[in-house]
>>> print(open('target-v8.txt').read())   # compact mmCIF, C-alpha atoms
# COMPACT_ATOMS: atom_id res chain seq x y z
CA ILE A 1 -77.13 213.89 -116.32
CA LEU A 2 -74.85 212.27 -118.85
CA SER A 3 -75.87 212.43 -122.45
CA GLU A 4 -74.48 211.91 -125.90
CA ALA A 5 -72.60 215.06 -126.70
CA GLN A 6 -73.85 217.20 -129.55
CA PRO A 7 -71.05 218.21 -131.93
CA LEU A 8 -70.15 221.87 -131.82
CA PRO A 9 -70.19 224.01 -134.98
CA PRO A 10 -66.92 223.47 -136.90
CA LEU A 11 -64.30 226.17 -137.35
CA LEU A 12 -65.62 228.26 -134.50
CA ASP A 13 -63.50 229.85 -131.87
CA VAL A 14 -66.39 230.14 -129.43
CA TRP A 15 -64.20 231.59 -126.71
CA GLU A 16 -63.08 234.74 -128.52
CA GLY A 17 -66.39 235.05 -130.33
CA ARG A 18 -65.10 234.98 -133.88
CA ARG A 19 -64.55 232.58 -136.75
CA CYS A 20 -61.03 231.30 -137.37
CA GLU A 21 -59.54 229.44 -140.31
CA ARG A 22 -57.80 226.14 -139.71
CA GLY A 23 -54.13 226.32 -140.45
CA GLY A 24 -54.04 230.09 -139.99
CA ALA A 25 -51.85 232.07 -137.66
CA GLN A 26 -52.46 231.53 -133.98
CA MET A 27 -54.47 234.26 -132.33
CA THR A 28 -52.46 236.55 -130.10
CA HIS A 29 -53.59 238.45 -127.04
CA GLN A 30 -52.95 241.80 -128.70
CA VAL A 31 -55.79 244.12 -127.81
CA GLN A 32 -57.74 245.78 -130.56
CA GLU A 33 -61.35 246.74 -131.15
CA GLY A 34 -61.73 244.54 -134.20
CA ASN A 35 -62.73 245.07 -137.80
CA LYS A 36 -66.25 244.32 -138.97
CA GLU A 37 -65.14 244.29 -142.60
CA THR A 38 -62.51 241.58 -142.19
CA GLY A 39 -64.33 239.69 -139.44
CA THR A 40 -61.47 239.80 -136.94
CA TRP A 41 -62.58 240.55 -133.42
CA ASN A 42 -60.13 240.45 -130.55
CA ARG A 43 -60.77 241.53 -126.99
CA PRO A 44 -60.63 245.24 -126.09
CA SER A 45 -58.37 246.58 -123.39
CA THR A 46 -59.59 246.77 -119.81
CA PRO A 47 -58.48 249.40 -117.28
CA MET A 48 -55.99 247.14 -115.52
CA TYR A 49 -53.91 246.24 -118.57
CA GLU A 50 -50.76 247.97 -119.71
CA LYS A 51 -48.98 247.78 -123.03
CA VAL A 52 -45.56 246.10 -123.01
CA GLY A 53 -44.04 246.24 -126.48
CA GLU A 54 -46.72 244.98 -128.82
CA GLU A 55 -48.62 243.02 -126.16
CA TRP A 56 -51.16 244.06 -123.53
CA VAL A 57 -50.22 242.51 -120.18
CA SER A 58 -52.36 242.21 -117.06
CA LYS A 59 -51.20 244.35 -114.14
CA GLY A 60 -52.32 241.59 -111.83
CA TRP A 61 -55.95 242.49 -111.25
CA ASN A 62 -59.06 243.39 -113.22
CA GLU A 63 -62.45 244.61 -112.12
CA LEU A 64 -65.68 245.54 -113.89
CA GLU A 65 -69.25 246.35 -112.86
CA HIS A 66 -71.71 245.47 -115.62
CA LYS A 67 -75.46 244.81 -115.74
CA GLY A 68 -75.73 244.33 -111.97
CA TRP A 69 -72.69 242.04 -111.73
CA LEU A 70 -69.21 242.61 -110.35
CA PHE A 71 -66.40 240.76 -112.12
CA LYS A 72 -62.93 240.38 -110.61
CA ALA A 73 -59.73 238.69 -111.73
CA VAL A 74 -56.48 238.48 -109.77
CA GLN A 75 -53.07 237.24 -110.93
CA ARG A 76 -50.03 237.05 -108.69
CA PRO A 77 -46.66 235.26 -108.90
CA ALA A 78 -46.49 231.55 -108.13
CA MET A 79 -45.74 230.40 -104.59
CA SER A 80 -41.97 230.08 -104.28
CA SER A 81 -41.25 229.51 -100.59
CA ALA A 82 -40.57 225.87 -99.76
CA GLN A 83 -41.85 226.52 -96.24
CA ASP A 84 -45.15 227.93 -97.54
CA LYS A 85 -45.58 224.96 -99.87
CA THR A 86 -44.97 222.48 -97.05
CA GLN A 87 -47.46 224.30 -94.82
CA LEU A 88 -50.09 224.27 -97.58
CA SER A 89 -49.49 220.56 -98.16
CA HIS A 90 -50.21 219.87 -94.49
CA GLU A 91 -53.30 222.12 -94.56
CA LEU A 92 -54.62 220.09 -97.50
CA GLY A 93 -54.11 216.88 -95.54
CA LEU A 94 -51.34 215.63 -97.82
CA GLY A 95 -48.90 215.10 -94.98
CA GLY A 96 -46.10 216.98 -96.65
CA THR A 97 -46.54 215.36 -100.07
CA PRO A 98 -44.97 217.72 -102.65
CA LEU A 99 -47.42 220.14 -104.23
CA PRO A 100 -47.66 220.71 -107.98
CA SER A 101 -44.60 222.44 -109.38
CA THR A 102 -46.60 225.66 -109.89
CA VAL A 103 -49.08 226.84 -107.26
CA LEU A 104 -50.61 230.28 -107.86
CA ALA A 105 -52.06 230.64 -104.40
CA PHE A 106 -53.59 234.10 -104.84
CA ASN A 107 -55.00 233.74 -108.34
CA SER A 108 -58.76 233.85 -108.80
CA ILE A 109 -61.72 234.91 -110.92
CA GLN A 110 -65.04 235.95 -109.40
CA ALA A 111 -68.50 236.88 -110.67
CA ILE A 112 -70.88 238.40 -108.09
CA ASN A 113 -74.53 239.31 -108.60
CA GLN A 114 -74.88 242.51 -106.62
CA ASP A 115 -78.67 242.24 -106.27
CA THR A 116 -79.13 238.60 -105.26
CA GLY A 117 -75.72 237.96 -103.66
CA VAL A 118 -75.09 234.85 -105.77
CA SER A 119 -71.37 234.48 -106.47
CA LEU A 120 -69.05 232.25 -108.45
CA THR A 121 -65.45 231.88 -107.30
CA PHE A 122 -62.66 230.07 -109.10
CA ASP A 123 -59.53 230.18 -106.97
CA CYS A 124 -56.33 228.27 -106.39
CA GLN A 125 -57.28 227.27 -102.84
CA GLY A 126 -60.56 225.71 -103.97
CA ALA A 127 -58.91 223.95 -106.89
CA MET A 128 -56.12 222.58 -104.69
CA GLN A 129 -58.56 221.31 -102.03
CA ALA A 130 -60.63 219.46 -104.64
CA TRP A 131 -57.50 218.06 -106.29
CA ALA A 132 -56.02 216.90 -102.97
CA SER A 133 -59.29 215.16 -102.02
CA GLU A 134 -59.34 213.34 -105.36
CA ILE A 135 -55.72 212.23 -104.97
CA GLN A 136 -56.36 210.93 -101.46
CA ARG A 137 -59.53 209.15 -102.54
CA ASN A 138 -57.74 207.37 -105.40
CA LYS A 139 -54.52 206.94 -103.39
CA THR A 140 -52.49 207.94 -106.44
CA MET A 141 -50.40 210.76 -104.95
CA SER A 142 -50.06 212.10 -108.48
CA TRP A 143 -51.09 215.49 -109.82
CA LEU A 144 -51.90 213.76 -113.11
CA SER A 145 -55.27 212.77 -111.63
CA PRO A 146 -58.32 214.69 -112.98
CA ASN A 147 -59.29 217.67 -110.86
CA PRO A 148 -63.04 217.60 -109.98
CA PHE A 149 -63.14 221.31 -109.01
CA LYS A 150 -66.22 223.07 -110.40
CA GLY A 151 -65.80 226.45 -108.78
CA THR A 152 -67.57 227.64 -105.63
CA LEU A 153 -71.21 228.70 -105.92
CA ALA A 154 -72.23 230.75 -102.88
CA THR A 155 -75.13 232.92 -101.70
CA ASP A 156 -75.56 235.93 -99.43
CA LYS A 157 -77.90 234.81 -96.62
CA VAL A 158 -79.11 238.33 -95.86
CA LYS A 159 -80.02 239.07 -99.47
CA PHE A 160 -81.56 235.62 -99.85
CA ARG A 161 -83.80 236.19 -96.83
CA ALA A 162 -84.81 239.60 -98.20
CA MET A 163 -85.78 237.97 -101.51
CA LEU A 164 -87.85 235.36 -99.69
CA ASN A 165 -89.69 238.06 -97.75
CA ALA A 166 -90.33 240.07 -100.91
CA ALA A 167 -91.69 236.96 -102.66
CA LYS A 168 -93.69 235.99 -99.54
CA ARG A 169 -92.06 232.61 -99.43
CA ILE A 170 -90.70 230.58 -96.54
CA GLU A 171 -88.09 228.65 -98.50
CA ALA A 172 -86.73 228.20 -102.03
CA THR A 173 -84.93 224.87 -102.26
CA GLU A 174 -84.22 225.35 -105.96
CA PHE A 175 -82.27 228.58 -105.45
CA ALA A 176 -78.57 228.46 -106.41
CA ARG A 177 -78.57 224.67 -106.78
CA PRO A 178 -77.60 222.84 -109.98
CA VAL A 179 -80.52 220.93 -111.48
CA PRO A 180 -80.13 218.65 -114.54
CA THR A 181 -81.58 220.22 -117.68
CA ARG A 182 -81.85 219.74 -121.42
CA MET A 183 -81.11 223.40 -122.04
CA ARG A 184 -77.87 224.19 -123.85
CA ILE A 185 -75.62 227.21 -123.97
CA PRO A 186 -76.67 229.15 -127.11
CA MET A 187 -73.72 228.75 -129.45
CA ASP A 188 -75.03 231.39 -131.87
CA LEU A 189 -74.76 233.97 -129.09
CA LEU A 190 -71.21 232.93 -128.17
CA THR A 191 -69.98 233.36 -131.74
CA LYS A 192 -71.69 236.69 -132.35
CA LYS A 193 -69.24 239.50 -133.11
CA ASP A 194 -69.56 242.17 -130.44
CA HIS A 195 -67.60 244.34 -128.04
CA ILE A 196 -65.84 242.41 -125.27
CA HIS A 197 -66.23 244.42 -122.07
CA PHE A 198 -64.01 242.26 -119.86
CA TYR A 199 -61.58 239.43 -120.40
CA ASP A 200 -58.98 237.58 -118.37
CA ALA A 201 -57.27 234.19 -118.29
CA VAL A 202 -55.79 232.87 -115.05
CA SER A 203 -53.82 229.74 -114.23
CA LEU A 204 -54.57 228.25 -110.81
CA ALA A 205 -52.08 225.36 -110.57
CA ALA A 206 -49.90 223.28 -112.87
CA ASP A 207 -47.47 220.40 -112.58
CA ASP A 208 -44.68 219.37 -114.92
CA SER A 209 -42.35 217.86 -112.34
CA SER A 210 -43.09 214.28 -113.37
CA SER A 211 -41.56 212.62 -116.41
CA ALA A 212 -44.92 210.85 -116.80
CA GLY A 213 -46.75 213.99 -117.98
CA GLN A 214 -48.10 217.46 -117.31
CA SER A 215 -51.30 218.91 -115.89
CA GLU A 216 -52.88 222.34 -115.45
CA VAL A 217 -56.04 223.88 -114.02
CA SER A 218 -56.95 227.26 -115.47
CA VAL A 219 -59.94 229.57 -115.77
CA LYS A 220 -60.89 232.42 -118.08
CA ILE A 221 -63.79 234.81 -118.38
CA ARG A 222 -65.38 236.83 -121.15
CA VAL A 223 -68.04 239.47 -120.46
CA MET A 224 -70.09 240.74 -123.39
CA ALA A 225 -72.89 243.28 -123.59
CA ASP A 226 -75.59 240.63 -123.12
CA PHE A 227 -73.91 237.71 -121.32
CA PHE A 228 -70.86 236.34 -119.60
CA LEU A 229 -69.03 233.04 -120.10
CA ILE A 230 -66.56 231.39 -117.72
CA LEU A 231 -64.46 228.39 -118.71
CA LEU A 232 -62.77 226.23 -116.07
CA ARG A 233 -60.40 223.72 -117.64
CA CYS A 234 -58.41 220.77 -116.29
CA PHE A 235 -55.95 219.55 -118.91
CA ILE A 236 -53.72 216.49 -118.50
CA VAL A 237 -51.30 215.03 -121.02
CA THR A 238 -49.16 211.94 -120.45
CA SER A 239 -47.23 209.52 -122.59
CA GLU A 240 -50.42 207.46 -122.71
CA GLY A 241 -52.85 210.14 -123.88
CA VAL A 242 -54.79 213.28 -123.05
CA LEU A 243 -57.73 214.18 -120.85
CA MET A 244 -59.52 217.53 -120.99
CA ARG A 245 -62.37 218.48 -118.66
CA ASP A 246 -64.15 221.72 -119.54
CA LEU A 247 -66.74 223.25 -117.24
CA ARG A 248 -68.54 226.32 -118.56
CA TRP A 249 -70.80 228.75 -116.73
CA PHE A 250 -73.06 230.91 -118.91
CA HIS A 251 -75.49 233.68 -117.97
CA ARG A 252 -77.51 235.97 -120.20
CA PHE A 253 -78.15 239.21 -118.36
CA GLY A 254 -81.80 239.49 -117.39
CA ASP A 255 -82.36 235.74 -117.11
CA LYS A 256 -83.20 234.29 -113.70
CA PHE A 257 -80.82 231.38 -114.17
CA MET A 258 -77.35 230.30 -115.25
CA ILE A 259 -76.44 227.32 -117.40
CA GLN A 260 -73.55 225.08 -116.44
CA ASP A 261 -72.23 222.49 -118.85
CA GLU A 262 -69.42 219.98 -118.56
CA GLU A 263 -67.57 218.16 -121.34
CA ILE A 264 -64.88 215.51 -121.05
CA ARG A 265 -62.57 214.73 -123.95
CA GLN A 266 -60.17 211.82 -123.70
CA ALA A 267 -58.03 209.85 -126.14
CA SER A 268 -54.77 207.98 -126.48
CA LEU A 269 -52.06 209.82 -128.39
CA PRO A 270 -52.48 207.57 -131.48
CA GLU A 271 -56.23 208.30 -131.42
CA LEU A 272 -55.59 212.01 -131.10
CA GLU A 273 -53.03 211.98 -133.92
CA LYS A 274 -55.54 210.20 -136.16
CA ALA A 275 -58.28 212.72 -135.29
CA VAL A 276 -56.00 215.65 -136.08
CA ALA A 277 -54.92 214.05 -139.37
CA GLN A 278 -58.56 213.71 -140.41
CA GLN A 279 -59.07 217.44 -139.97
CA ARG A 280 -56.01 218.75 -141.75
CA PRO A 281 -53.23 217.26 -143.90
CA VAL A 282 -50.28 216.02 -141.87
CA SER A 283 -46.93 216.13 -143.59
CA ALA A 284 -44.16 213.59 -143.17
CA SER A 285 -42.09 216.14 -141.25
CA VAL A 286 -44.93 216.67 -138.77
CA THR A 287 -45.29 212.92 -138.28
CA GLU A 288 -41.54 212.70 -137.63
CA GLN A 289 -41.79 215.45 -135.01
CA ALA A 290 -44.67 213.62 -133.35
CA ILE A 291 -42.61 210.45 -133.14
CA HIS A 292 -39.90 212.29 -131.20
CA ASN A 293 -42.31 214.39 -129.12
CA SER A 294 -45.40 212.59 -127.81
CA LYS A 295 -46.97 215.94 -126.86
CA TYR A 296 -46.84 217.36 -130.39
CA PHE A 297 -50.56 216.81 -131.05
CA SER A 298 -51.69 217.48 -127.51
CA GLN A 299 -52.07 221.25 -127.28
CA PRO A 300 -55.34 222.19 -125.50
CA ASP A 301 -56.91 224.11 -128.40
CA GLN A 302 -56.02 221.29 -130.78
CA VAL A 303 -57.52 218.68 -128.48
CA TRP A 304 -60.74 220.70 -128.14
CA GLU A 305 -61.02 221.02 -131.92
CA ALA A 306 -60.10 217.46 -132.85
CA LEU A 307 -62.01 215.42 -130.27
CA GLN A 308 -65.73 215.21 -129.64
CA PRO A 309 -66.75 214.99 -125.95
CA ARG A 310 -67.10 211.48 -124.60
CA LEU A 311 -69.35 212.66 -121.77
CA ALA A 312 -71.46 215.80 -121.42
CA SER A 313 -73.84 217.08 -118.77
CA ASN A 314 -75.93 220.23 -118.36
CA ASN A 315 -77.33 221.95 -115.27
CA LEU A 316 -79.63 224.89 -114.65
CA ILE A 317 -78.99 227.11 -111.62
CA ALA A 318 -81.70 229.53 -110.44
CA ILE A 319 -80.20 232.83 -109.26
CA SER A 320 -83.43 234.77 -108.67
CA LEU A 321 -86.88 234.04 -107.24
>>> encode(input="target-v8.txt", output="structure tokens")
Amino acid sequence: ILSEAQPLPPLLDVWEGRRCERGGAQMTHQVQEGNKETGTWNRPSTPMYEKVGEEWVSKGWNELEHKGWLFKAVQRPAMSSAQDKTQLSHELGLGGTPLPSTVLAFNSIQAINQDTGVSLTFDCQGAMQAWASEIQRNKTMSWLSPNPFKGTLATDKVKFRAMLNAAKRIEATEFARPVPTRMRIPMDLLTKKDHIHFYDAVSLAADDSSSAGQSEVSVKIRVMADFFLILLRCFIVTSEGVLMRDLRWFHRFGDKFMIQDEEIRQASLPELEKAVAQQRPVSASVTEQAIHNSKYFSQPDQVWEALQPRLASNNLIAISL
């Protein structure tokens, strides 16, 4: 369902689970346990990270078992072979149309419930298939079109049948299917300071080959003691404006359901510049930079903070009987 979006609490970095001051230094990916006295709380290291200088860098894969779930993240180099790109273009039904400038064919994030067999997969192949279908439907042949990919929600038929037998049921049509709901992701839980058991951020595909603009599809995951949160983002910026589509999957361990919400933010560059100026003072030098660089105000985090969603929807997904 589409509804009027409720404004999110101001000054909250809901992804990293901590408060942040506007105008402060940008948060780095340096790994540290955090400090309860100062309120800083960055993600802890996971087994598949290694320290390079002052930064912790992913080795290419992460894995964690927690509260009956298995979480996986894979990062590999972008596809570089022209032959492989042409073959993928044909497989997607694009007839050899050039792919986005960056295709990370083996990148993915997965969350698998080991008891029920319900799984969420966010991968480059799925994202590219959805994107290609949208381009063909609109006949734009441009990777600046919004990507409708929501991730792949799948079930294990054997485990599902075992659950039905245990519950003495013949069928469960509501199982693992999005149903419109008024429930919301609990923001107070997202911003609670706590230990981060697992974190990763993965790009699936991006395009900056066109002078008309840039686009990217990315996904990141945060696993806490009591819940996990996955953010799938499609971000597009052109000389005309910006469009950001955020799809979040939330599950509190022990619940029999997940919550999925979607928010779309969109504005022209003048509208975005005005929204940013209303939040923080904009100096003459900044305005001058914006005049010479239309993308100055269009960084993803800045767009998320400055613009309220134009459309929002919420779904409930049953993952247990």
>>> atom_distance(input="target-v8.txt", atom1="atom CA of A:Gln302", atom2="atom CA of A:Gly151")
24.6 Å
>>> residues_around(input="target-v8.txt", residues="A:Ala73", least_positions_apart="6", cutoff="6 Å", atoms="only C-alpha atoms", output="number ranges by chain")
A: 61-62, 108-109
>>> write_last_selection(input="target-v8.txt", atoms="C-alpha atoms", output="PDB file, keeping the file's coordinate frame")
ATOM      1  CA  TRP A  61     -55.950 242.490-111.250  1.00  0.00           C
ATOM      2  CA  ASN A  62     -59.060 243.390-113.220  1.00  0.00           C
ATOM      3  CA  SER A 108     -58.760 233.850-108.800  1.00  0.00           C
ATOM      4  CA  ILE A 109     -61.720 234.910-110.920  1.00  0.00           C
TER       5      ILE A 109
END
>>> residues_around(input="target-v8.txt", residues="A:Asp261", least_positions_apart="4", cutoff="10 Å", atoms="all atoms listed in the file", output="PyMOL selection string")
chain A and resi 180-181+183-185+231+246-250+312-316
>>> write_last_selection(input="target-v8.txt", atoms="C-alpha atoms", output="short mmCIF file (atom, residue, chain, number, x, y, z; two decimals), in the frame of the given file")
data_model
loop_
_atom_site.label_atom_id
_atom_site.label_comp_id
_atom_site.auth_asym_id
_atom_site.auth_seq_id
_atom_site.Cartn_x
_atom_site.Cartn_y
_atom_site.Cartn_z
CA PRO A 180 -80.13 218.65 -114.54
CA THR A 181 -81.58 220.22 -117.68
CA MET A 183 -81.11 223.40 -122.04
CA ARG A 184 -77.87 224.19 -123.85
CA ILE A 185 -75.62 227.21 -123.97
CA LEU A 231 -64.46 228.39 -118.71
CA ASP A 246 -64.15 221.72 -119.54
CA LEU A 247 -66.74 223.25 -117.24
CA ARG A 248 -68.54 226.32 -118.56
CA TRP A 249 -70.80 228.75 -116.73
CA PHE A 250 -73.06 230.91 -118.91
CA ALA A 312 -71.46 215.80 -121.42
CA SER A 313 -73.84 217.08 -118.77
CA ASN A 314 -75.93 220.23 -118.36
CA ASN A 315 -77.33 221.95 -115.27
CA LEU A 316 -79.63 224.89 -114.65
#
>>> residues_around(input="target-v8.txt", residues="stretch 100-103 of chain A", least_positions_apart="4", cutoff="8 Å", atoms="all atoms listed in the file", output="ChimeraX atom specification")
/A:78-79,124,143,204-209
>>> closest_residue(input="target-v8.txt", among="A:Val74, A:Met224, A:Val179, A:Ala167", to="A:Lys193", atoms="all atoms listed in the file")
A:Met224
>>> closest_residue(input="target-v8.txt", among="A:Ser142, A:Thr116, A:Ser239, A:Gln110", to="A:Leu64", atoms="all atoms listed in the file")
A:Gln110
>>> closest_residue(input="target-v8.txt", among="A:Gln114, A:Thr121, A:Thr191, A:Gln308", to="A:Ile230", atoms="all atoms listed in the file")
A:Thr121
>>> closest_residue(input="target-v8.txt", among="A:Thr86, A:Phe71, A:Leu272, A:Arg245", to="A:His197", atoms="only C-alpha atoms")
A:Phe71
>>> axis_aligned_box(input="target-v8.txt", around="stretch 261-273 of chain A", padding_each_side="6 Å", output="AutoDock Vina command-line options")
--center_x -62.1 --center_y 215.0 --center_z -126.2 --size_x 32.2 --size_y 26.9 --size_z 27.4
>>> atom_distance(input="target-v8.txt", atom1="atom CA of A:Ala154", atom2="atom CA of A:Ala176")
7.6 Å
>>> residues_around(input="target-v8.txt", residues="A:Arg233", least_positions_apart="2", cutoff="12 Å", atoms="only C-alpha atoms", output="ChimeraX atom specification")
/A:122,127,146-151,201-206,215-221,230-231,235-236,243-249,261-265,300-301,304
>>> atom_distance(input="target-v8.txt", atom1="atom CA of A:Gln125", atom2="atom CA of A:Ser320")
27.8 Å
>>> closest_residue(input="target-v8.txt", among="A:Ile135, A:Lys256, A:Phe175, A:Ala306", to="A:Lys157", atoms="all atoms listed in the file")
A:Phe175
>>> closest_residue(input="target-v8.txt", among="A:Gly53, A:Ala277, A:Glu171, A:Asn107", to="A:Leu321", atoms="all atoms listed in the file")
A:Glu171
>>> decode(input="target-v8.txt", residues="stretch 237-246 of chain A", atoms="all heavy atoms", output="PDB file, in the first residue's frame")
ATOM      1  N   VAL A 237      21.376   9.755 -10.031  1.00  0.00           N
ATOM      2  CA  VAL A 237      21.524  11.203 -10.069  1.00  0.00           C
ATOM      3  C   VAL A 237      21.825  11.622 -11.506  1.00  0.00           C
ATOM      4  O   VAL A 237      22.674  11.030 -12.179  1.00  0.00           O
ATOM      5  CB  VAL A 237      22.642  11.693  -9.115  1.00  0.00           C
ATOM      6  CG1 VAL A 237      23.965  11.005  -9.408  1.00  0.00           C
ATOM      7  CG2 VAL A 237      22.807  13.204  -9.206  1.00  0.00           C
ATOM      8  N   THR A 238      21.073  12.603 -11.990  1.00  0.00           N
ATOM      9  CA  THR A 238      21.272  13.138 -13.332  1.00  0.00           C
ATOM     10  C   THR A 238      21.365  14.658 -13.248  1.00  0.00           C
ATOM     11  O   THR A 238      21.242  15.236 -12.165  1.00  0.00           O
ATOM     12  CB  THR A 238      20.099  12.750 -14.262  1.00  0.00           C
ATOM     13  OG1 THR A 238      18.924  13.472 -13.845  1.00  0.00           O
ATOM     14  CG2 THR A 238      19.828  11.252 -14.205  1.00  0.00           C
ATOM     15  N   SER A 239      21.523  15.277 -14.378  1.00  0.00           N
ATOM     16  CA  SER A 239      21.558  16.744 -14.404  1.00  0.00           C
ATOM     17  C   SER A 239      20.200  17.330 -14.065  1.00  0.00           C
ATOM     18  O   SER A 239      20.085  18.518 -13.751  1.00  0.00           O
ATOM     19  CB  SER A 239      22.013  17.234 -15.782  1.00  0.00           C
ATOM     20  OG  SER A 239      21.139  16.737 -16.789  1.00  0.00           O
ATOM     21  N   GLU A 240      19.170  16.498 -14.116  1.00  0.00           N
ATOM     22  CA  GLU A 240      17.809  16.955 -13.821  1.00  0.00           C
ATOM     23  C   GLU A 240      17.462  16.838 -12.336  1.00  0.00           C
ATOM     24  O   GLU A 240      16.678  17.624 -11.811  1.00  0.00           O
ATOM     25  CB  GLU A 240      16.804  16.152 -14.647  1.00  0.00           C
ATOM     26  CG  GLU A 240      16.984  16.274 -16.146  1.00  0.00           C
ATOM     27  CD  GLU A 240      16.804  17.702 -16.632  1.00  0.00           C
ATOM     28  OE1 GLU A 240      15.911  18.393 -16.095  1.00  0.00           O
ATOM     29  OE2 GLU A 240      17.547  18.113 -17.550  1.00  0.00           O
ATOM     30  N   GLY A 241      18.010  15.806 -11.667  1.00  0.00           N
ATOM     31  CA  GLY A 241      17.652  15.614 -10.268  1.00  0.00           C
ATOM     32  C   GLY A 241      18.126  14.280  -9.738  1.00  0.00           C
ATOM     33  O   GLY A 241      18.991  13.621 -10.329  1.00  0.00           O
ATOM     34  N   VAL A 242      17.541  13.868  -8.605  1.00  0.00           N
ATOM     35  CA  VAL A 242      17.938  12.629  -7.957  1.00  0.00           C
ATOM     36  C   VAL A 242      16.708  11.758  -7.705  1.00  0.00           C
ATOM     37  O   VAL A 242      15.593  12.261  -7.548  1.00  0.00           O
ATOM     38  CB  VAL A 242      18.653  12.886  -6.613  1.00  0.00           C
ATOM     39  CG1 VAL A 242      19.966  13.614  -6.822  1.00  0.00           C
ATOM     40  CG2 VAL A 242      17.750  13.653  -5.652  1.00  0.00           C
ATOM     41  N   LEU A 243      16.956  10.452  -7.661  1.00  0.00           N
ATOM     42  CA  LEU A 243      15.931   9.496  -7.260  1.00  0.00           C
ATOM     43  C   LEU A 243      16.599   8.447  -6.394  1.00  0.00           C
ATOM     44  O   LEU A 243      17.633   7.869  -6.781  1.00  0.00           O
ATOM     45  CB  LEU A 243      15.274   8.845  -8.471  1.00  0.00           C
ATOM     46  CG  LEU A 243      14.115   7.881  -8.151  1.00  0.00           C
ATOM     47  CD1 LEU A 243      13.059   7.931  -9.254  1.00  0.00           C
ATOM     48  CD2 LEU A 243      14.597   6.437  -7.974  1.00  0.00           C
ATOM     49  N   MET A 244      16.045   8.209  -5.224  1.00  0.00           N
ATOM     50  CA  MET A 244      16.574   7.199  -4.310  1.00  0.00           C
ATOM     51  C   MET A 244      15.440   6.271  -3.894  1.00  0.00           C
ATOM     52  O   MET A 244      14.415   6.712  -3.384  1.00  0.00           O
ATOM     53  CB  MET A 244      17.202   7.846  -3.068  1.00  0.00           C
ATOM     54  CG  MET A 244      17.669   6.834  -2.025  1.00  0.00           C
ATOM     55  SD  MET A 244      18.290   7.624  -0.521  1.00  0.00           S
ATOM     56  CE  MET A 244      19.853   8.250  -1.130  1.00  0.00           C
ATOM     57  N   ARG A 245      15.629   4.996  -4.124  1.00  0.00           N
ATOM     58  CA  ARG A 245      14.654   3.975  -3.707  1.00  0.00           C
ATOM     59  C   ARG A 245      15.314   3.087  -2.671  1.00  0.00           C
ATOM     60  O   ARG A 245      16.284   2.387  -2.952  1.00  0.00           O
ATOM     61  CB  ARG A 245      14.206   3.146  -4.904  1.00  0.00           C
ATOM     62  CG  ARG A 245      13.281   1.990  -4.564  1.00  0.00           C
ATOM     63  CD  ARG A 245      12.902   1.247  -5.836  1.00  0.00           C
ATOM     64  NE  ARG A 245      12.128   0.047  -5.547  1.00  0.00           N
ATOM     65  CZ  ARG A 245      12.679  -1.163  -5.326  1.00  0.00           C
ATOM     66  NH1 ARG A 245      14.001  -1.308  -5.355  1.00  0.00           N
ATOM     67  NH2 ARG A 245      11.908  -2.205  -5.076  1.00  0.00           N
ATOM     68  N   ASP A 246      14.795   3.114  -1.455  1.00  0.00           N
ATOM     69  CA  ASP A 246      15.318   2.307  -0.364  1.00  0.00           C
ATOM     70  C   ASP A 246      14.309   1.213  -0.006  1.00  0.00           C
ATOM     71  O   ASP A 246      13.131   1.495   0.228  1.00  0.00           O
ATOM     72  CB  ASP A 246      15.566   3.163   0.885  1.00  0.00           C
ATOM     73  CG  ASP A 246      16.841   3.985   0.774  1.00  0.00           C
ATOM     74  OD1 ASP A 246      17.642   3.701  -0.134  1.00  0.00           O
ATOM     75  OD2 ASP A 246      17.027   4.896   1.600  1.00  0.00           O
TER      76      ASP A 246
END
